[in-house]
>>> print(open('run01.cif').read())   # mmCIF, C-alpha atoms
data_query
#
loop_
_atom_site.label_atom_id
_atom_site.label_comp_id
_atom_site.auth_asym_id
_atom_site.auth_seq_id
_atom_site.Cartn_x
_atom_site.Cartn_y
_atom_site.Cartn_z
CA SER A 3 0.00 0.00 0.00
CA GLY A 4 3.04 2.24 0.32
CA VAL A 5 2.08 3.26 3.85
CA GLN A 6 5.00 2.96 6.24
CA MET A 7 3.88 1.84 9.69
CA ALA A 8 5.64 3.70 12.49
CA ASN A 9 7.32 1.92 15.36
CA VAL A 10 5.39 3.04 18.44
CA SER A 11 6.43 2.12 21.97
CA GLN A 12 4.50 2.28 25.23
CA GLN A 13 6.55 5.31 26.28
CA ASP A 14 5.22 7.27 23.27
CA LEU A 15 1.64 7.16 24.57
CA LYS A 16 -0.29 9.55 26.77
CA LEU A 17 -3.66 8.42 28.05
CA LYS A 18 -6.67 9.99 29.75
CA ILE A 19 -9.68 8.07 31.10
CA ASN A 20 -12.75 10.24 31.83
CA GLY A 21 -10.45 13.24 31.50
CA LYS A 22 -7.96 12.04 34.13
CA GLU A 23 -4.41 11.05 33.27
CA SER A 24 -3.90 7.31 33.39
CA SER A 25 -0.84 5.10 33.06
CA VAL A 26 -0.44 2.66 30.16
CA THR A 27 0.31 -0.82 31.51
CA ASN A 28 0.41 -2.77 28.25
CA TRP A 29 0.92 -2.05 24.53
CA THR A 30 1.11 -5.26 22.54
CA PRO A 31 0.97 -5.65 18.74
CA LEU A 32 -1.82 -8.03 17.77
CA ARG A 33 -0.11 -10.07 15.09
CA GLY A 34 0.75 -13.67 14.36
CA PRO A 35 -1.13 -16.94 14.90
CA ASP A 36 -1.72 -16.29 18.61
CA SER A 37 -3.74 -13.15 17.88
CA ARG A 38 -7.16 -14.55 17.08
CA LEU A 39 -9.61 -12.45 15.08
CA GLU A 40 -13.40 -12.72 14.78
CA LEU A 41 -15.11 -10.56 12.15
CA MET A 42 -18.84 -10.35 11.49
CA PHE A 43 -20.40 -8.82 8.39
CA LEU A 44 -23.71 -7.19 9.43
CA ILE A 45 -25.62 -6.51 6.20
CA ASP A 46 -28.73 -4.34 5.96
CA GLY A 47 -31.77 -6.53 5.29
CA SER A 48 -33.19 -3.91 2.93
CA ALA A 49 -30.00 -3.02 1.07
CA ARG A 50 -30.47 -2.42 -2.65
CA ALA A 51 -30.10 -5.58 -4.73
CA SER A 52 -27.22 -3.97 -6.62
CA LEU A 53 -25.15 -4.95 -3.58
CA GLY A 54 -24.77 -8.25 -5.43
CA GLN A 55 -22.24 -6.50 -7.67
CA GLN A 56 -19.91 -6.35 -4.65
CA PHE A 57 -20.21 -10.05 -3.75
CA GLY A 58 -17.05 -10.90 -5.68
CA GLU A 59 -15.03 -8.48 -3.55
CA ILE A 60 -16.66 -9.66 -0.31
CA THR A 61 -15.85 -13.25 -1.39
CA SER A 62 -12.21 -12.35 -2.02
CA PHE A 63 -11.95 -10.62 1.36
CA VAL A 64 -13.33 -13.69 3.17
CA LYS A 65 -11.02 -16.05 1.29
CA GLU A 66 -7.98 -13.91 2.11
CA MET A 67 -8.57 -13.85 5.87
CA PRO A 68 -5.51 -15.07 7.79
CA ALA A 69 -5.45 -18.52 9.38
CA ASN A 70 -6.06 -17.00 12.81
CA GLY A 71 -9.25 -15.29 11.56
CA LYS A 72 -12.90 -16.36 11.59
CA VAL A 73 -15.67 -14.64 9.62
CA GLY A 74 -19.44 -14.75 9.95
CA ILE A 75 -22.41 -13.10 8.23
CA ALA A 76 -25.61 -11.73 9.74
CA TYR A 77 -28.47 -9.73 8.22
CA MET A 78 -30.34 -6.82 9.80
CA GLU A 79 -33.92 -8.07 9.99
CA ASN A 80 -36.65 -6.53 12.14
CA GLY A 81 -34.26 -5.14 14.71
CA ARG A 82 -32.25 -8.35 15.03
CA ALA A 83 -28.94 -9.61 13.70
CA ALA A 84 -30.15 -12.76 11.93
CA MET A 85 -27.23 -15.20 11.59
CA ALA A 86 -26.69 -16.50 8.06
CA ALA A 87 -23.20 -17.96 8.55
CA PRO A 88 -21.67 -18.60 11.99
CA LEU A 89 -18.09 -17.59 12.71
CA SER A 90 -15.79 -19.96 10.85
CA SER A 91 -12.32 -20.14 9.34
CA ASP A 92 -13.82 -22.18 6.46
CA ALA A 93 -14.41 -19.60 3.72
CA ALA A 94 -16.70 -21.89 1.71
CA GLN A 95 -18.89 -22.42 4.76
CA VAL A 96 -19.05 -18.69 5.46
CA LEU A 97 -19.88 -17.75 1.88
CA LYS A 98 -22.93 -20.02 1.86
CA GLY A 99 -24.51 -17.30 3.97
CA LEU A 100 -23.88 -14.54 1.44
CA ARG A 101 -27.14 -13.77 -0.36
CA LEU A 102 -29.08 -10.84 -1.71
CA SER A 103 -31.16 -9.16 0.95
CA VAL A 104 -34.81 -10.14 0.80
CA GLY A 105 -36.19 -7.53 3.16
CA SER A 106 -38.61 -4.86 2.10
CA PRO A 107 -37.63 -1.21 2.50
CA GLY A 108 -37.30 -0.36 6.17
CA SER A 109 -37.47 -3.97 7.34
CA ASN A 110 -34.32 -3.46 9.36
CA ALA A 111 -36.20 -1.20 11.84
CA SER A 112 -33.00 0.55 12.96
CA PRO A 113 -29.53 -0.67 12.04
CA TYR A 114 -28.52 0.27 15.58
CA PHE A 115 -31.05 -2.16 17.12
CA CYS A 116 -29.38 -4.84 15.02
CA LEU A 117 -25.89 -3.84 16.14
CA SER A 118 -27.02 -3.94 19.78
CA ASP A 119 -28.49 -7.40 19.20
CA LEU A 120 -25.23 -8.64 17.66
CA ALA A 121 -23.22 -7.19 20.56
CA GLN A 122 -25.49 -8.85 23.12
CA HIS A 123 -25.49 -12.21 21.31
CA TRP A 124 -21.99 -12.38 19.87
CA PRO A 125 -21.65 -15.89 18.36
CA SER A 126 -18.52 -16.81 20.34
CA ASP A 127 -17.44 -16.97 23.97
CA ASP A 128 -13.77 -16.31 23.19
CA ARG A 129 -13.06 -13.00 24.96
CA THR A 130 -9.36 -13.16 24.05
CA ALA A 131 -10.12 -12.84 20.31
CA ARG A 132 -10.48 -9.44 18.67
CA ARG A 133 -14.10 -8.75 17.79
CA GLU A 134 -14.63 -6.71 14.62
CA VAL A 135 -17.86 -5.79 12.80
CA VAL A 136 -18.35 -4.53 9.23
CA MET A 137 -21.81 -2.98 8.87
CA ILE A 138 -23.09 -2.54 5.30
CA THR A 139 -25.97 -0.07 5.52
CA ASP A 140 -27.01 3.53 4.85
CA GLY A 141 -27.03 4.14 8.60
CA VAL A 142 -30.41 5.89 8.62
CA ASP A 143 -32.33 5.31 11.86
CA ASN A 144 -35.93 4.86 10.73
CA TYR A 145 -37.14 5.99 14.16
CA ASN A 146 -35.26 9.26 13.92
CA ARG A 147 -34.36 10.10 10.33
CA ARG A 148 -32.54 13.33 11.15
CA PHE A 149 -29.05 13.55 12.60
CA ASP A 150 -29.23 13.57 16.38
CA PRO A 151 -25.83 13.21 18.07
CA GLU A 152 -27.70 11.95 21.14
CA ASP A 153 -29.93 9.45 19.30
CA PRO A 154 -30.80 7.00 22.13
CA TYR A 155 -30.65 3.93 19.85
CA VAL A 156 -27.23 4.90 18.56
CA GLU A 157 -25.99 5.58 22.09
CA ALA A 158 -27.33 2.21 23.25
CA ALA A 159 -25.65 0.45 20.31
CA ILE A 160 -22.35 2.17 21.12
CA ASN A 161 -22.51 1.20 24.79
CA ASP A 162 -23.50 -2.40 23.96
CA SER A 163 -20.65 -2.62 21.43
CA VAL A 164 -18.10 -1.19 23.88
CA ARG A 165 -19.22 -3.59 26.61
CA ALA A 166 -18.88 -6.53 24.21
CA GLY A 167 -15.46 -5.34 23.02
CA LEU A 168 -16.52 -4.71 19.41
CA VAL A 169 -14.62 -2.53 16.93
CA VAL A 170 -17.23 -1.37 14.40
CA TYR A 171 -16.51 -0.44 10.77
CA SER A 172 -19.17 0.56 8.24
CA ILE A 173 -19.55 0.73 4.47
CA TYR A 174 -22.26 3.08 3.25
CA TRP A 175 -24.80 1.41 0.94
CA GLN A 176 -28.25 2.78 0.13
CA ASP A 177 -31.44 0.97 1.07
CA GLN A 178 -34.26 -0.07 -1.25
CA GLY A 179 -37.00 2.52 -1.42
CA ARG A 180 -34.59 5.36 -0.74
CA ALA A 181 -34.15 6.42 -4.37
CA ASN A 182 -35.70 9.71 -3.35
CA SER A 183 -33.62 10.01 -0.18
CA THR A 184 -32.70 13.55 0.60
CA GLU A 185 -29.10 14.56 0.97
CA TYR A 186 -30.07 15.49 4.52
CA GLU A 187 -31.03 11.85 5.31
CA THR A 188 -27.91 10.55 3.62
CA ASN A 189 -25.71 12.86 5.66
CA ALA A 190 -27.59 11.92 8.83
CA GLY A 191 -26.98 8.20 8.23
CA GLN A 192 -23.32 8.72 7.42
CA SER A 193 -22.84 10.92 10.49
CA LEU A 194 -24.37 8.30 12.80
CA LEU A 195 -22.16 5.57 11.32
CA GLN A 196 -19.15 7.81 11.87
CA GLU A 197 -20.20 8.31 15.49
CA VAL A 198 -20.29 4.54 16.08
CA ALA A 199 -16.93 4.02 14.36
CA ASP A 200 -15.25 6.79 16.35
CA ALA A 201 -16.59 5.52 19.66
CA THR A 202 -15.49 1.91 19.09
CA GLY A 203 -12.16 2.53 17.32
CA GLY A 204 -13.33 1.47 13.87
CA HIS A 205 -13.64 3.42 10.63
CA SER A 206 -16.54 4.53 8.43
CA TYR A 207 -16.25 4.28 4.63
CA TRP A 208 -18.32 6.23 2.14
CA LEU A 209 -17.97 8.04 -1.18
CA GLY A 210 -20.14 11.13 -1.45
CA THR A 211 -23.87 10.48 -1.31
CA GLY A 212 -24.00 7.52 -3.70
CA ASN A 213 -22.98 3.88 -3.62
CA PRO A 214 -19.29 3.14 -4.18
CA VAL A 215 -18.29 1.49 -7.45
CA SER A 216 -16.04 -0.94 -5.62
CA PHE A 217 -15.47 -2.16 -2.06
CA GLU A 218 -11.87 -3.15 -2.82
CA PRO A 219 -10.23 0.13 -1.67
CA TYR A 220 -12.17 -0.14 1.59
CA PHE A 221 -11.15 -3.76 2.09
CA ALA A 222 -7.51 -2.92 1.36
CA ASP A 223 -7.59 -0.24 4.06
CA LEU A 224 -9.45 -2.56 6.46
CA ARG A 225 -6.82 -5.30 6.00
CA ARG A 226 -4.10 -2.76 6.79
CA ARG A 227 -5.92 -1.71 9.95
CA LEU A 228 -6.49 -5.29 11.11
CA ASN A 229 -2.80 -6.04 10.58
CA HIS A 230 -1.69 -3.12 12.74
CA GLN A 231 -3.87 -3.25 15.82
CA TYR A 232 -2.57 -3.21 19.39
CA ALA A 233 -3.91 -4.33 22.74
CA LEU A 234 -3.90 -1.37 25.13
CA GLY A 235 -3.84 -1.96 28.86
CA PHE A 236 -4.20 0.83 31.43
CA SER A 237 -4.99 1.51 35.07
CA SER A 238 -8.09 3.49 36.05
CA GLN A 239 -10.05 4.16 39.22
CA LEU A 240 -13.17 1.99 39.36
CA ASN A 241 -15.84 2.72 41.94
CA GLY A 242 -18.13 -0.25 42.18
CA LYS A 243 -19.29 -2.13 39.10
CA PRO A 244 -17.66 -2.08 35.63
CA GLU A 245 -18.63 0.93 33.51
CA VAL A 246 -18.19 2.59 30.12
CA LYS A 247 -15.72 5.51 30.29
CA THR A 248 -14.23 7.94 27.78
CA LEU A 249 -10.71 7.33 26.48
CA LYS A 250 -8.30 9.81 24.90
CA LEU A 251 -5.01 8.51 23.56
CA ASP A 252 -2.28 10.85 22.32
CA LEU A 253 0.89 9.84 20.56
CA HIS A 254 4.23 11.61 20.98
CA VAL A 255 5.67 10.59 17.62
CA ALA A 256 5.62 13.39 15.06
CA SER A 257 5.37 11.16 11.99
CA ALA A 258 2.77 8.73 13.32
CA LYS A 259 -0.95 8.64 14.03
CA VAL A 260 -2.86 6.37 16.36
CA GLU A 261 -6.60 5.73 16.22
CA ALA A 262 -8.26 4.50 19.39
CA PRO A 263 -11.83 4.08 20.60
CA GLN A 264 -13.35 7.12 22.29
CA LYS A 265 -15.11 4.85 24.78
CA VAL A 266 -13.90 1.83 26.70
CA PHE A 267 -15.46 -0.67 29.11
CA VAL A 268 -13.48 -0.55 32.33
CA THR A 269 -13.46 -3.72 34.40
CA ARG A 270 -11.15 -5.15 37.05
CA SER A 271 -8.88 -6.30 34.22
CA ALA A 272 -9.02 -3.48 31.67
CA GLY A 273 -8.08 -3.78 28.02
CA ALA A 274 -9.10 -2.04 24.83
CA PRO A 275 -8.31 -2.59 21.16
CA GLY A 276 -6.67 0.35 19.44
CA GLU A 277 -4.83 1.00 16.21
#
>>> encode(input="run01.cif", output="structure tokens")
Amino acid sequence: SGVQMANVSQQDLKLKINGKESSVTNWTPLRGPDSRLELMFLIDGSARASLGQQFGEITSFVKEMPANGKVGIAYMENGRAAMAAPLSSDAAQVLKGLRLSVGSPGSNASPYFCLSDLAQHWPSDDRTARREVVMITDGVDNYNRRFDPEDPYVEAAINDSVRAGLVVYSIYWQDQGRANSTEYETNAGQSLLQEVADATGGHSYWLGTGNPVSFEPYFADLRRRLNHQYALGFSSQLNGKPEVKTLKLDLHVASAKVEAPQKVFVTRSAGAPGE
């Protein structure tokens, strides 16, 4: 890709939890066969049928997953994440679940309900594996079609995702029945997807207000991100039960950039994925 990855050490990091300075206790590159990866595609149940044109690129991405990676596919249907292919390292098995969406326009209720459902019912009990999600949706919340930075369903989905340890990426793709979508709705959906990505440490991909011609540039960037993630450990004051807190990570290396989740679930043994 031509992107040179900087060498970042634990001493280069400065961390704040809920606005208070915190010490970094661990900074480990997540690479090699011991770094297990679980990635779920969460596809909008009412995505336009032209999504089928991208199936070749989704197929290639699944087939190129490393040996330590498992992939699954779920569809957003009536507020749930309906499993179509369970997490597996067998690409052929996974790809049996790849199909054109059959839902009618709006059948997904809210994509954020579906993300919450996936977070609450993650199809694996392995808490040592990285948990990544790729949402393919236009991001519009049918219960609140304007951009509201405090949308309760989006906030709930973020908190559920953070508690489950999910890193959420999204690829913008228009729904059926939204041919007459306003630019306002499009921007609202993209802004909400960005909010989820920022909070969880993922990334949101879109190209203007239309559907992208190809997913390949997105997948190339996603592979790069997955290959350069770190486990971040830190110490933080915890009063009572585990809770979601804000995280701010700064890097003291002029030529490098680090992307980390804005929120983290703090427990007695704290850890958060970052990039």
>>> closest_residue(input="run01.cif", among="A:Ile138, A:Gln12, A:Ala87, A:Val246", to="A:Asp162", atoms="only C-alpha atoms")
A:Val246
>>> residues_around(input="run01.cif", residues="stretch 217-228 of chain A", least_positions_apart="6", cutoff="7 Å", atoms="all atoms listed in the file", output="ChimeraX atom specification")
/A:56,59,63,207,277
>>> closest_residue(input="run01.cif", among="A:Val169, A:Val142, A:Leu15, A:Val266", to="A:Gln231", atoms="all atoms listed in the file")
A:Val169
>>> resolve_selection(input="run01.cif", expression="the PyMOL selection byres ((chain A and resi 92-99) around 7)", output="JSON, numbers by chain")
{"A": [61, 64, 65, 73, 74, 75, 86, 87, 90, 91, 100, 101]}
>>> write_last_selection(input="run01.cif", atoms="C-alpha atoms", output="tab-separated table (two decimals), in the frame of the given file")
chain	number	residue	atom	x	y	z
A	61	THR	CA	-15.85	-13.25	-1.39
A	64	VAL	CA	-13.33	-13.69	3.17
A	65	LYS	CA	-11.02	-16.05	1.29
A	73	VAL	CA	-15.67	-14.64	9.62
A	74	GLY	CA	-19.44	-14.75	9.95
A	75	ILE	CA	-22.41	-13.10	8.23
A	86	ALA	CA	-26.69	-16.50	8.06
A	87	ALA	CA	-23.20	-17.96	8.55
A	90	SER	CA	-15.79	-19.96	10.85
A	91	SER	CA	-12.32	-20.14	9.34
A	100	LEU	CA	-23.88	-14.54	1.44
A	101	ARG	CA	-27.14	-13.77	-0.36
>>> residues_around(input="run01.cif", residues="A:Ser11", least_positions_apart="4", cutoff="12 Å", atoms="all atoms listed in the file", output="ChimeraX atom specification")
/A:15-16,26-31,232,234,253-255,258,260
>>> write_last_selection(input="run01.cif", atoms="C-alpha atoms", output="tab-separated table (two decimals), in the frame of the given file")
chain	number	residue	atom	x	y	z
A	15	LEU	CA	1.64	7.16	24.57
A	16	LYS	CA	-0.29	9.55	26.77
A	26	VAL	CA	-0.44	2.66	30.16
A	27	THR	CA	0.31	-0.82	31.51
A	28	ASN	CA	0.41	-2.77	28.25
A	29	TRP	CA	0.92	-2.05	24.53
A	30	THR	CA	1.11	-5.26	22.54
A	31	PRO	CA	0.97	-5.65	18.74
A	232	TYR	CA	-2.57	-3.21	19.39
A	234	LEU	CA	-3.90	-1.37	25.13
A	253	LEU	CA	0.89	9.84	20.56
A	254	HIS	CA	4.23	11.61	20.98
A	255	VAL	CA	5.67	10.59	17.62
A	258	ALA	CA	2.77	8.73	13.32
A	260	VAL	CA	-2.86	6.37	16.36
>>> closest_residue(input="run01.cif", among="A:Leu194, A:Val10, A:Ala69, A:Ala111", to="A:Lys259", atoms="all atoms listed in the file")
A:Val10
